[in-house]
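Q: Here it is: the structure, laid out below.
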Amino acid sequence: MRDFDYLMPETVGEVSGLLARLGDDCRMIAGGTALLLALRQRMVTPTHLVSLARVRGLRGITYDPRDGLRIGALTTHAAVARSPLVRQRYPVLADMASRLANPQVRNQGTLGGNLCYADPTTDPPTCLAALEAMLVLGSARGYRYLPVTDFLVDYYASALEPDEVLTEIRIPAPRFDFGYHARFHRTAAEHRPLINLALLARRDGDVVGEARLVVGATTVVPTRVAAAEAVLAGRRVTAALAREAADIVAEAIDPVSDIRGGSAFRRDMVRVVARRTIERLVEQDSEGRIVA
Amino acid sequence: MSRVTIEVVVNGQPHRAEIPARRLLADFIRDDLFLTGTKRGCETGVCGACSVLLDGEVVKSCLSLAVQAEGHEITTVEGITSGGELHPLQASFAEHGGFQCGYCTPGMLMAAIAILNESPSPTEAEVRAGLSGNLCRCTGYVGIVESIMAAAEKMRGT
């Protein structure tokens with residue numbers, strides 16, 4: 001790892017000033033789990049690290065019924081998973097966070113750091129896209145608000161301006177009664193999902209009112225599949241409907257193809273994950289078949 | 001070389017040190033404090049041999065800078081014994097075959113402490129999930145899981 005200066009500013013304005021001055025020679029560090037790997041492999045060689053640890057106003061989780069949930073960008077995944085507010089109002093988010101990567105990464109890694117690194121092969125972006133999260137970006141110039149789906153623009157690329165800091169993740173008040181964040185790993189020992197899929201729905205018995213379906217990890221950015229949501233809306237959930245919607249999902253996405261999985265394999269697995277996740281909308285027997 | 005001064009408490013002992021900003025927490029613990037129980041394994045965040053507790057939560061010290069621990073409390077495997085007595089988890093690992101070569105054991109113990117802090121009566125599935133950031137290439141994990149289940153029972157006093 002190359003030598004660097006370690007700076008510890010205390011306000012968003014100070015961070016922004018340092019970022020503007022130092023440009024590409026510096027990197028922000030939050031939990032550091034992803035950055036340390038990149039530093040050690042010399043994928044990045046900054047002359048300065050700007051620590052967010054002392055910056056005020058980047059922590060805490062609050063909820064109010066009008067504005068929904070606010071999560072400070074420095075909140076760790078473990079804190080999201082443990083939060084009574086998140087567990088009660090957004091169980092899908094708490095469940096996703098509680099299973100993310102491994103305990104060490106959950107204790108150290110932050111939600112804001114995860115989003116800014118824009119690694120497509122992680123869980124939070126997909127889940128947050130389904131929850132229609134809005135991100136708050138601060139700089140010396142002020143604050144702006146961007147939907148998470150506009151923030152994540154490409155493979156390891158976000159819409160964060162060079163002098164901006166992600167300060168907060170906001171999630172609107174919950175309006176779904178079902179939520180599940182599914183993930184598919186190539187092997188049980190792997191921590192990076194090959195595929196993930198978040199499904200939210202409002203239900204009336206076994207009839208879907210409204211659904212929100214987002215696929216990620218296997219696409220460069222989370223992909224909402226509106227055509228599948230439309231097929232589910234107003235229909236009674238049956239095995240046939242789950243297959244029909246899963247086919248639409250599999251055809252709608254543009255999977256990456258790499259050493260971890262070719263695009264045809266990924267598309268097939270997306271089909272399976274989508275079908276199984278949709279079947280969760282209604283009661284299943286011990287074999288995972290829908291109870292008619 | 002840019003240097004920083006940090007104050008940390010390690011195994012209950014306050015330390016003040018001037019270190020290079022790029023010093024890894026794992027290297028600070030081993031090379032500056034000579035606490036060599038914490039192991040460097042893969043050094044890429046995969047194997048968990050370097051696991052320590054930071055304010056009671058398990059983290060990988062190869063993926064942390066020492067300067068990030070400034071103002072925090074660290075516990076290493078050297079800090080879990082009391083008065084020369086093995087921690088109940090250590091005794092249980094010895095009794096139930098929780099290790100063979102022993103290289104992963106310090107990290108396994110720190111992960112195990114975190115598991116039992118979270119849930120004093122864990123299920124086997126919870127123990128396995130809690131160990132998902134730690135690799136053992138000898139035991140196949142059965143002995144480790146049994147060691148932790150048995151220690152949990154003993155620590156509950158049942």
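Going by the structure tokens order, chains are called A, B, ..., each with residues numbered from 1, while ligands are numbered from 1 in the order shown.
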For Leu232 of chain A, find every residue with an atom within 7 Å (counting only C-alpha atoms), except residues of its own chain fewer than 3 positions away, and show them as JSON, numbers by chain.
A: {"A": [208, 211, 228, 229, 235, 245]}
Q: Those selected residues, please, written with all heavy atoms and delivered as a short mmCIF file (atom, residue, chain, number, x, y, z; two decimals), in the first residue's frame.
A:
data_model
loop_
_atom_site.label_atom_id
_atom_site.label_comp_id
_atom_site.auth_asym_id
_atom_site.auth_seq_id
_atom_site.Cartn_x
_atom_site.Cartn_y
_atom_site.Cartn_z
N VAL A 208 -52.54 -10.04 -5.92
CA VAL A 208 -51.56 -8.95 -5.84
C VAL A 208 -52.24 -7.64 -6.20
O VAL A 208 -52.92 -7.56 -7.23
CB VAL A 208 -50.40 -9.20 -6.82
CG1 VAL A 208 -49.38 -8.06 -6.76
CG2 VAL A 208 -49.73 -10.53 -6.51
N ALA A 211 -47.14 -4.38 -7.29
CA ALA A 211 -45.85 -5.02 -7.02
C ALA A 211 -44.71 -4.14 -7.50
O ALA A 211 -44.86 -3.33 -8.42
CB ALA A 211 -45.78 -6.38 -7.71
N ALA A 228 -43.07 -7.08 -15.60
CA ALA A 228 -43.44 -8.16 -14.68
C ALA A 228 -44.37 -7.65 -13.59
O ALA A 228 -45.32 -8.33 -13.19
CB ALA A 228 -42.18 -8.77 -14.07
N GLU A 229 -44.09 -6.43 -13.12
CA GLU A 229 -44.97 -5.83 -12.10
C GLU A 229 -46.39 -5.72 -12.65
O GLU A 229 -47.37 -6.01 -11.95
CB GLU A 229 -44.47 -4.44 -11.73
CG GLU A 229 -43.11 -4.43 -11.03
CD GLU A 229 -42.52 -3.04 -10.87
OE1 GLU A 229 -43.17 -2.05 -11.27
OE2 GLU A 229 -41.40 -2.94 -10.36
N ARG A 235 -53.72 -9.86 -10.17
CA ARG A 235 -53.88 -11.29 -10.45
C ARG A 235 -53.75 -12.11 -9.18
O ARG A 235 -53.08 -11.73 -8.23
CB ARG A 235 -52.80 -11.75 -11.44
CG ARG A 235 -52.76 -10.99 -12.76
CD ARG A 235 -53.64 -11.59 -13.81
NE ARG A 235 -53.21 -12.93 -14.22
CZ ARG A 235 -52.28 -13.17 -15.14
NH1 ARG A 235 -51.63 -12.17 -15.71
NH2 ARG A 235 -51.98 -14.41 -15.48
N ALA A 245 -44.56 -14.54 -15.00
CA ALA A 245 -43.85 -13.31 -14.62
C ALA A 245 -42.33 -13.53 -14.61
O ALA A 245 -41.57 -12.65 -15.01
CB ALA A 245 -44.33 -12.84 -13.25
#
Q: Near chain B, meaning an atom within 7 Å, which residues of chain A appear when counting only C-alpha atoms? Write them as a list of chain:residue names.
A: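 The contacting residues on chain A are A:Asp3, A:Phe4, A:Asp5, A:Tyr6, A:Gly32, A:Thr33, A:Leu36, A:Leu37, A:Asn102, A:Pro103, A:Gln104, A:Val105, A:Asn107, A:Gln108.
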Q: With only C-alpha atoms as the counted atoms, please give the residues lying no more than 12 Å from Ser16 of chain A, apart from itself and same-chain residues fewer than 4 positions off, as a ChimeraX atom specification.
A: /A:9-12,20-23,26-28,50-52,55,137-143,160-167
Q: Write out as an mmCIF file with N, CA and C atoms, in the first residue's frame which residues come within 7 Å of Gly41 of chain B when counting only C-alpha atoms, dropping same-chain ones fewer than 4 positions away.
A:
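File part33.cif, as written:
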data_model
loop_
_atom_site.group_PDB
_atom_site.id
_atom_site.type_symbol
_atom_site.label_atom_id
_atom_site.label_comp_id
_atom_site.auth_asym_id
_atom_site.auth_seq_id
_atom_site.Cartn_x
_atom_site.Cartn_y
_atom_site.Cartn_z
ATOM 1 N N CYS B 47 -10.423 -14.688 4.839
ATOM 2 C CA CYS B 47 -10.270 -15.843 5.730
ATOM 3 C C CYS B 47 -10.657 -15.588 7.183
ATOM 4 N N ALA B 49 -8.843 -14.850 9.763
ATOM 5 C CA ALA B 49 -7.861 -15.202 10.798
ATOM 6 C C ALA B 49 -7.452 -13.966 11.609
ATOM 7 N N CYS B 50 -7.608 -12.789 11.019
ATOM 8 C CA CYS B 50 -7.192 -11.544 11.670
ATOM 9 C C CYS B 50 -8.309 -10.905 12.490
#
Q: From chain B, collect each residue whose DSSP state is strand (DSSP E) and return the set as a ChimeraX atom specification.
A: /B:3-10,13-20,51-54,57-60,73-75
Q: Please produce an output containing N, CA and C atoms for each residue in the selection, written as a PDB file, in the first residue's frame.
A:
ATOM      1  N   ARG B   3       2.617  10.477   9.280  1.00  0.00           N
ATOM      2  CA  ARG B   3       2.384   9.750  10.518  1.00  0.00           C
ATOM      3  C   ARG B   3       1.192  10.341  11.256  1.00  0.00           C
ATOM      4  N   VAL B   4       0.575   9.503  12.069  1.00  0.00           N
ATOM      5  CA  VAL B   4      -0.561   9.947  12.880  1.00  0.00           C
ATOM      6  C   VAL B   4      -0.343   9.435  14.302  1.00  0.00           C
ATOM      7  N   THR B   5      -0.934  10.139  15.248  1.00  0.00           N
ATOM      8  CA  THR B   5      -0.872   9.675  16.634  1.00  0.00           C
ATOM      9  C   THR B   5      -2.241   9.128  17.010  1.00  0.00           C
ATOM     10  N   ILE B   6      -2.255   7.922  17.535  1.00  0.00           N
ATOM     11  CA  ILE B   6      -3.541   7.338  17.917  1.00  0.00           C
ATOM     12  C   ILE B   6      -3.523   6.939  19.390  1.00  0.00           C
ATOM     13  N   GLU B   7      -4.715   6.992  19.973  1.00  0.00           N
ATOM     14  CA  GLU B   7      -4.901   6.469  21.322  1.00  0.00           C
ATOM     15  C   GLU B   7      -5.956   5.381  21.246  1.00  0.00           C
ATOM     16  N   VAL B   8      -5.571   4.196  21.663  1.00  0.00           N
ATOM     17  CA  VAL B   8      -6.512   3.065  21.640  1.00  0.00           C
ATOM     18  C   VAL B   8      -6.355   2.284  22.944  1.00  0.00           C
ATOM     19  N   VAL B   9      -7.403   1.575  23.303  1.00  0.00           N
ATOM     20  CA  VAL B   9      -7.338   0.672  24.453  1.00  0.00           C
ATOM     21  C   VAL B   9      -7.328  -0.742  23.891  1.00  0.00           C
ATOM     22  N   VAL B  10      -6.275  -1.487  24.198  1.00  0.00           N
ATOM     23  CA  VAL B  10      -6.181  -2.862  23.691  1.00  0.00           C
ATOM     24  C   VAL B  10      -6.147  -3.822  24.879  1.00  0.00           C
ATOM     25  N   GLN B  13      -5.837  -2.177  28.151  1.00  0.00           N
ATOM     26  CA  GLN B  13      -4.619  -1.390  28.386  1.00  0.00           C
ATOM     27  C   GLN B  13      -4.593  -0.190  27.432  1.00  0.00           C
ATOM     28  N   PRO B  14      -4.526   1.055  27.951  1.00  0.00           N
ATOM     29  CA  PRO B  14      -4.443   2.195  27.026  1.00  0.00           C
ATOM     30  C   PRO B  14      -3.077   2.273  26.336  1.00  0.00           C
ATOM     31  N   HIS B  15      -3.106   2.593  25.048  1.00  0.00           N
ATOM     32  CA  HIS B  15      -1.870   2.762  24.286  1.00  0.00           C
ATOM     33  C   HIS B  15      -1.947   4.083  23.547  1.00  0.00           C
ATOM     34  N   ARG B  16      -0.791   4.768  23.466  1.00  0.00           N
ATOM     35  CA  ARG B  16      -0.676   5.948  22.626  1.00  0.00           C
ATOM     36  C   ARG B  16       0.499   5.671  21.705  1.00  0.00           C
ATOM     37  N   ALA B  17       0.277   5.806  20.411  1.00  0.00           N
ATOM     38  CA  ALA B  17       1.355   5.437  19.489  1.00  0.00           C
ATOM     39  C   ALA B  17       1.378   6.379  18.302  1.00  0.00           C
ATOM     40  N   GLU B  18       2.583   6.654  17.822  1.00  0.00           N
ATOM     41  CA  GLU B  18       2.743   7.418  16.594  1.00  0.00           C
ATOM     42  C   GLU B  18       3.082   6.420  15.499  1.00  0.00           C
ATOM     43  N   ILE B  19       2.231   6.334  14.503  1.00  0.00           N
ATOM     44  CA  ILE B  19       2.360   5.282  13.491  1.00  0.00           C
ATOM     45  C   ILE B  19       2.179   5.876  12.095  1.00  0.00           C
ATOM     46  N   PRO B  20       2.667   5.175  11.071  1.00  0.00           N
ATOM     47  CA  PRO B  20       2.360   5.631   9.708  1.00  0.00           C
ATOM     48  C   PRO B  20       0.843   5.540   9.473  1.00  0.00           C
ATOM     49  N   SER B  51      -9.434 -11.626  12.680  1.00  0.00           N
ATOM     50  CA  SER B  51     -10.587 -11.032  13.370  1.00  0.00           C
ATOM     51  C   SER B  51     -10.248 -10.606  14.793  1.00  0.00           C
ATOM     52  N   VAL B  52     -10.680  -9.395  15.146  1.00  0.00           N
ATOM     53  CA  VAL B  52     -10.559  -8.897  16.522  1.00  0.00           C
ATOM     54  C   VAL B  52     -11.897  -8.232  16.864  1.00  0.00           C
ATOM     55  N   LEU B  53     -12.075  -7.892  18.131  1.00  0.00           N
ATOM     56  CA  LEU B  53     -13.281  -7.152  18.506  1.00  0.00           C
ATOM     57  C   LEU B  53     -12.949  -5.663  18.576  1.00  0.00           C
ATOM     58  N   LEU B  54     -13.776  -4.840  17.936  1.00  0.00           N
ATOM     59  CA  LEU B  54     -13.666  -3.393  18.018  1.00  0.00           C
ATOM     60  C   LEU B  54     -14.930  -2.914  18.735  1.00  0.00           C
ATOM     61  N   GLU B  57     -17.516  -5.574  18.764  1.00  0.00           N
ATOM     62  CA  GLU B  57     -18.034  -6.153  17.522  1.00  0.00           C
ATOM     63  C   GLU B  57     -16.882  -6.708  16.700  1.00  0.00           C
ATOM     64  N   VAL B  58     -17.103  -7.878  16.104  1.00  0.00           N
ATOM     65  CA  VAL B  58     -16.020  -8.537  15.376  1.00  0.00           C
ATOM     66  C   VAL B  58     -15.764  -7.835  14.033  1.00  0.00           C
ATOM     67  N   VAL B  59     -14.497  -7.545  13.772  1.00  0.00           N
ATOM     68  CA  VAL B  59     -14.087  -6.923  12.502  1.00  0.00           C
ATOM     69  C   VAL B  59     -12.803  -7.608  12.016  1.00  0.00           C
ATOM     70  N   LYS B  60     -12.466  -7.379  10.733  1.00  0.00           N
ATOM     71  CA  LYS B  60     -11.238  -7.951  10.184  1.00  0.00           C
ATOM     72  C   LYS B  60     -10.144  -6.893  10.254  1.00  0.00           C
ATOM     73  N   GLU B  73     -11.958   0.679  21.566  1.00  0.00           N
ATOM     74  CA  GLU B  73     -11.411  -0.426  22.360  1.00  0.00           C
ATOM     75  C   GLU B  73     -11.281  -1.668  21.510  1.00  0.00           C
ATOM     76  N   ILE B  74     -10.116  -2.280  21.578  1.00  0.00           N
ATOM     77  CA  ILE B  74      -9.863  -3.497  20.805  1.00  0.00           C
ATOM     78  C   ILE B  74      -9.644  -4.660  21.766  1.00  0.00           C
ATOM     79  N   THR B  75     -10.217  -5.804  21.408  1.00  0.00           N
ATOM     80  CA  THR B  75      -9.929  -7.023  22.164  1.00  0.00           C
ATOM     81  C   THR B  75      -9.346  -8.042  21.211  1.00  0.00           C
TER      82      THR B  75
END
Q: Which of segment 74-282 of chain A end up as alpha helix (DSSP H) when DSSP is run on this backbone - answer as number ranges by chain?
A: A: 77-82, 84-89, 91-99, 103-108, 111-117, 124-130, 148-151, 226-232, 239-252, 263-279
